[in-house]
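S.K.: The structure that follows is given in the form of structure tokens.
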Amino acid sequence: MAEPVLEVSGLVKHYPLTRGVLFKKQVGAVRAVDGVDFTLGRGETLGIVGESGCGKSTVARMLCNLERPTAGAIRYRGEDITRLSGRALKAVRRNIQMVFQDPYTSLNPRMTVGDIIGEPYEIHPEVAPKGDRRRRVRELLDVVGLDPEYANRYPHQFSGGQRQRIGIARALALRPEIVVADEPVSALDVSVQAQVINLMERLQDEFELSYVFIAHDLSIVRHISDRVGVMYLGRIVEIGTDEQIYDHPTHPYTQALLSAVPVPDPDARERRERILLPGDVPSPADIPSGCRFRTRCWKARERCALEVPPLAVPAEFRHDTGPAAHDSACHFAAELRVVPPGERDADGDSSTRAY
Ligand SMILES: Nc1ncnc2c1ncn2[C@@H]1O[C@H](COP(=O)(O)OP(=O)(O)O)[C@@H](O)[C@H]1O
Ligand code: SF4
Ligand SMILES: [Mg+2]
């Protein structure tokens, strides 16, 4: 793997649950993020996928230093940024920028697009001297495929896809090294999702960016990710290259998610096995013992309630050199091809790709 730019270890965010109005007493905790580890390589895209509420946005906010972790470390160029403050923190923040999920609410409706994109320069005037900002903003609009003349318009004059381009331009204003994109296309029409993803791919090459790309759907991240981590109830349950995750998943949760992804070819759709998960995701305030996925896992056995499965190469594959030998937090990991290899698109991707 490429040289790491971000190393996340043991990342935890617990929100206290309190009772009482005057004398607040902590009665528990929402374990929004409950021990997340991953590494992001230079120039790499790491996709993070999981159902709503599994802790993705909380991870994103901690990576961008918008929120302090309860425990754990986030090392950027070897330095733990969760311990920084003042000037050192400001310098790091410049290099790790966020693209938000909702392009309708993340742009201030009372500001012009030019002021929105140029706003980061107010906090980091060293990046662009005052006299140069107008030119830079116009350049950024051009870079994201918008007319530089739009700088004087307001967000409501743009479509969802265009607003997300504005959000991306703002994220790039300070020339960051890492962009954390929290479901950047979830709020957009399917027809514009691919355009925004293509734009992000082009910008990655142009500006040598490393991405953490968050989505709730496995089909969206395949196209852009080098590696993918699958989250469930505050933890990563399986992580690997796109080939390992999509074609050789070993965790029952990933297998279930993949089996639900739309498949364009009707024959393939019929031949594949659909894995339906029983019940709902448990509350992060009341996480099951042992394996947190056990209340919905069709493979669960007694051991699953007693022992927490570590995120590591499962014993079954430890001496394997094939693609199943990747980190998966399951006591009974087994490879399962959810979409058979014969059902691939002409360009070589499996038919789990949505566009
Ligand atoms: N500030 C907060 N206080 C209490 N609970 C929170 C807070 N922020 C998020 N949560 C809870 O943490 C869990 C994870 O939330 P989030 O990170 O937004 O998930 P995702 O982005 O995957 O949908 C959810 O159960 C959510 O309700
Ligand atoms: S450890 Fe048990 S409950 Fe958890 S995913 Fe594996 S088989 Fe299912
Ligand atoms: Mg979210």
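All residue names refer to the structure tokens as shown: chains lettered A, B, ... in order, residues numbered from 1 in each chain, ligands numbered from 1 in order.
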Step by step, measure atom-to-atom distances between ligand 2 and each residue using only C-alpha atoms and all ligand atoms, keep those at most 12 Å, then write them as a count of residues only.
M.R.: 46
S.K.: Using only C-alpha atoms and all ligand atoms, tabulate the residues of chain A lying at most 8 Å from any atom of ligand 1, each with its closest atom pair and that distance in Å to one decimal, by chain and increasing residue number, as JSON lines.
M.R.:
{"residue": "A:His14", "atom": "CA", "partner": "ligand 1", "partner_atom_place_in_ligand_line": "5 (N)", "distance": 7.9}
{"residue": "A:Tyr15", "atom": "CA", "partner": "ligand 1", "partner_atom_place_in_ligand_line": "4 (C)", "distance": 5.0}
{"residue": "A:Pro16", "atom": "CA", "partner": "ligand 1", "partner_atom_place_in_ligand_line": "4 (C)", "distance": 7.3}
{"residue": "A:Leu17", "atom": "CA", "partner": "ligand 1", "partner_atom_place_in_ligand_line": "4 (C)", "distance": 7.7}
{"residue": "A:Val30", "atom": "CA", "partner": "ligand 1", "partner_atom_place_in_ligand_line": "5 (N)", "distance": 5.8}
{"residue": "A:Arg31", "atom": "CA", "partner": "ligand 1", "partner_atom_place_in_ligand_line": "12 (O)", "distance": 6.7}
{"residue": "A:Ala32", "atom": "CA", "partner": "ligand 1", "partner_atom_place_in_ligand_line": "12 (O)", "distance": 3.9}
{"residue": "A:Val33", "atom": "CA", "partner": "ligand 1", "partner_atom_place_in_ligand_line": "14 (C)", "distance": 6.9}
{"residue": "A:Gly50", "atom": "CA", "partner": "ligand 1", "partner_atom_place_in_ligand_line": "22 (O)", "distance": 6.4}
{"residue": "A:Glu51", "atom": "CA", "partner": "ligand 1", "partner_atom_place_in_ligand_line": "22 (O)", "distance": 6.2}
{"residue": "A:Ser52", "atom": "CA", "partner": "ligand 1", "partner_atom_place_in_ligand_line": "23 (O)", "distance": 3.7}
{"residue": "A:Gly53", "atom": "CA", "partner": "ligand 1", "partner_atom_place_in_ligand_line": "23 (O)", "distance": 3.4}
{"residue": "A:Cys54", "atom": "CA", "partner": "ligand 1", "partner_atom_place_in_ligand_line": "22 (O)", "distance": 4.0}
{"residue": "A:Gly55", "atom": "CA", "partner": "ligand 1", "partner_atom_place_in_ligand_line": "17 (O)", "distance": 3.2}
{"residue": "A:Lys56", "atom": "CA", "partner": "ligand 1", "partner_atom_place_in_ligand_line": "22 (O)", "distance": 3.7}
{"residue": "A:Ser57", "atom": "CA", "partner": "ligand 1", "partner_atom_place_in_ligand_line": "21 (O)", "distance": 3.6}
{"residue": "A:Thr58", "atom": "CA", "partner": "ligand 1", "partner_atom_place_in_ligand_line": "17 (O)", "distance": 3.7}
{"residue": "A:Val59", "atom": "CA", "partner": "ligand 1", "partner_atom_place_in_ligand_line": "17 (O)", "distance": 6.5}
{"residue": "A:Ala60", "atom": "CA", "partner": "ligand 1", "partner_atom_place_in_ligand_line": "17 (O)", "distance": 7.9}
{"residue": "A:Asp182", "atom": "CA", "partner": "ligand 1", "partner_atom_place_in_ligand_line": "21 (O)", "distance": 7.8}
{"residue": "A:His216", "atom": "CA", "partner": "ligand 1", "partner_atom_place_in_ligand_line": "22 (O)", "distance": 7.5}
{"residue": "A:Leu233", "atom": "CA", "partner": "ligand 1", "partner_atom_place_in_ligand_line": "14 (C)", "distance": 7.9}
{"residue": "A:Gly234", "atom": "CA", "partner": "ligand 1", "partner_atom_place_in_ligand_line": "14 (C)", "distance": 7.1}
{"residue": "A:Ser283", "atom": "CA", "partner": "ligand 1", "partner_atom_place_in_ligand_line": "25 (O)", "distance": 6.8}
{"residue": "A:Pro284", "atom": "CA", "partner": "ligand 1", "partner_atom_place_in_ligand_line": "25 (O)", "distance": 5.7}
{"residue": "A:Ala285", "atom": "CA", "partner": "ligand 1", "partner_atom_place_in_ligand_line": "25 (O)", "distance": 7.8}
S.K.: Interatomic distance between atom CA of Ile197 of chain A and atom CA of Arg222 of chain A?
M.R.: 10.9 Å
S.K.: Give the helix (DSSP H, G or I) residues of segment 64-288 of chain A, as DSSP finds them on the backbone, and put them as a ChimeraX atom specification.
M.R.: /A:81-83,86-95,113-118,120-123,130-143,148-152,155-157,160-172,190-207,218-222,242-247,252-260,266-271
S.K.: Within 6 Å of segment 72-76 of chain A, counting only C-alpha atoms, which residues qualify if same-chain residues fewer than 6 places away don't, as a list in words?
M.R.: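 What passes the distance filter is Val5, Leu6, Glu7, Val8, Ser9, Gly10 and Leu11 of chain A.
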S.K.: Using N, CA and C atoms, can you write the selected residues to a file as a PDB file, in the first residue's frame?
M.R.:
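Produced file part-v8.pdb, reproduced below:
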ATOM      1  N   VAL A   5      -1.168   8.374   4.927  1.00  0.00           N
ATOM      2  CA  VAL A   5      -1.313   9.786   5.298  1.00  0.00           C
ATOM      3  C   VAL A   5      -2.152   9.909   6.564  1.00  0.00           C
ATOM      4  N   LEU A   6      -2.990   8.909   6.803  1.00  0.00           N
ATOM      5  CA  LEU A   6      -3.847   8.929   7.981  1.00  0.00           C
ATOM      6  C   LEU A   6      -3.858   7.535   8.588  1.00  0.00           C
ATOM      7  N   GLU A   7      -3.604   7.453   9.886  1.00  0.00           N
ATOM      8  CA  GLU A   7      -3.664   6.168  10.583  1.00  0.00           C
ATOM      9  C   GLU A   7      -4.604   6.316  11.771  1.00  0.00           C
ATOM     10  N   VAL A   8      -5.704   5.605  11.699  1.00  0.00           N
ATOM     11  CA  VAL A   8      -6.732   5.710  12.730  1.00  0.00           C
ATOM     12  C   VAL A   8      -6.667   4.461  13.592  1.00  0.00           C
ATOM     13  N   SER A   9      -6.581   4.625  14.910  1.00  0.00           N
ATOM     14  CA  SER A   9      -6.545   3.430  15.748  1.00  0.00           C
ATOM     15  C   SER A   9      -7.389   3.594  17.002  1.00  0.00           C
ATOM     16  N   GLY A  10      -8.203   2.588  17.232  1.00  0.00           N
ATOM     17  CA  GLY A  10      -9.040   2.537  18.444  1.00  0.00           C
ATOM     18  C   GLY A  10      -9.966   3.725  18.596  1.00  0.00           C
ATOM     19  N   LEU A  11     -10.442   4.255  17.481  1.00  0.00           N
ATOM     20  CA  LEU A  11     -11.257   5.475  17.538  1.00  0.00           C
ATOM     21  C   LEU A  11     -12.634   5.189  18.161  1.00  0.00           C
TER      22      LEU A  11
END
S.K.: Between A:Gln101, A:Glu273, A:Glu139, A:Asp327, single out the one closest to ligand 3, counting only C-alpha atoms and all ligand atoms.
M.R.: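 Answer, going by the shortest atom-to-atom distance: A:Gln101.
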S.K.: Neighbours of segment 115-124 of chain A within 8 Å (only C-alpha atoms; same-chain residues fewer than 5 positions away dropped), as an NGL selection string?
M.R.: :A and (94 or 107-108 or 133-134 or 137 or 151 or 166-167 or 169-171 or 173-174)
S.K.: Just the residues within 6 Å of Ser210 of chain A, please, counting only C-alpha atoms, with nothing from its chain fewer than 2 positions along; format it as a CSV table (one decimal) with C-alpha atoms, in the first residue's frame.
M.R.:
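And here is the file that came out, selection.csv:
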chain,number,residue,atom,x,y,z
A,42,ARG,CA,-1.4,8.7,-0.1
A,43,GLY,CA,-3.5,9.2,-3.2
A,44,GLU,CA,-5.9,6.4,-2.2
A,45,THR,CA,-9.6,6.3,-1.9
A,178,ILE,CA,-7.2,14.7,2.4
S.K.: Please run DSSP on the backbone and report, as JSON, numbers by chain, all residues within segment 74-255 of chain A that come out as strand (DSSP E or B).
M.R.: {"A": [74, 75, 76, 79, 80, 96, 97, 98, 99, 178, 179, 180, 181, 182, 210, 211, 212, 213, 214, 215, 227, 228, 229, 230, 231, 232, 235, 236, 237, 238, 239, 240, 241]}
S.K.: Taking only C-alpha atoms and all ligand atoms into account, name the residue in A:Asn65, A:Gln195, A:Ser186, A:Ser259 that is nearest to ligand 3.
M.R.: A:Ser186
S.K.: Quote the spacing between atom CA of Asp242 of chain A and atom CA of Asp226 of chain A in Å to one decimal place.
M.R.: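 Going from atom CA of Asp242 of chain A over to atom CA of Asp226 of chain A, I get 5.9 Å.
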S.K.: Counting only C-alpha atoms, figure out which residue out of A:Arg337, A:Arg318, A:Lys90, A:Arg165 gets nearest to Leu258 of chain A.
M.R.: A:Arg337
S.K.: Find the residue from A:Leu203, A:Ala215, A:Ile245, A:Val113 that sits nearest to ligand 3; use only C-alpha atoms and all ligand atoms when measuring.
M.R.: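 Looking at the shortest contact to ligand 3, the residue is A:Ala215.
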S.K.: Please compute the atom CA of Ile168 of chain A-atom CA of Arg153 of chain A distance, one decimal, in Å.
M.R.: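 Value for the atom CA of Ile168 of chain A-atom CA of Arg153 of chain A distance: 16.7 Å.
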S.K.: Using only C-alpha atoms and all ligand atoms, can you tell me which of A:Lys13, A:Arg163, A:Arg61, A:Arg138 comes closest to ligand 3?
M.R.: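 Of all the options, A:Arg61 lies closest to ligand 3.
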S.K.: Find the residues around Val192 of chain A up to 9 Å (only C-alpha atoms counted), leave out those fewer than 5 positions away in its own chain, and share them as a list in words.
M.R.: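 Close residues of Val192 of chain A: Gly160, Gly161, Val185 and Ile197 of chain A.
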S.K.: Smallest atom-to-atom distance to Val179 of chain A: which of A:Gly20, A:Phe213, A:Ser191, A:Gly322, using only C-alpha atoms?
M.R.: A:Phe213
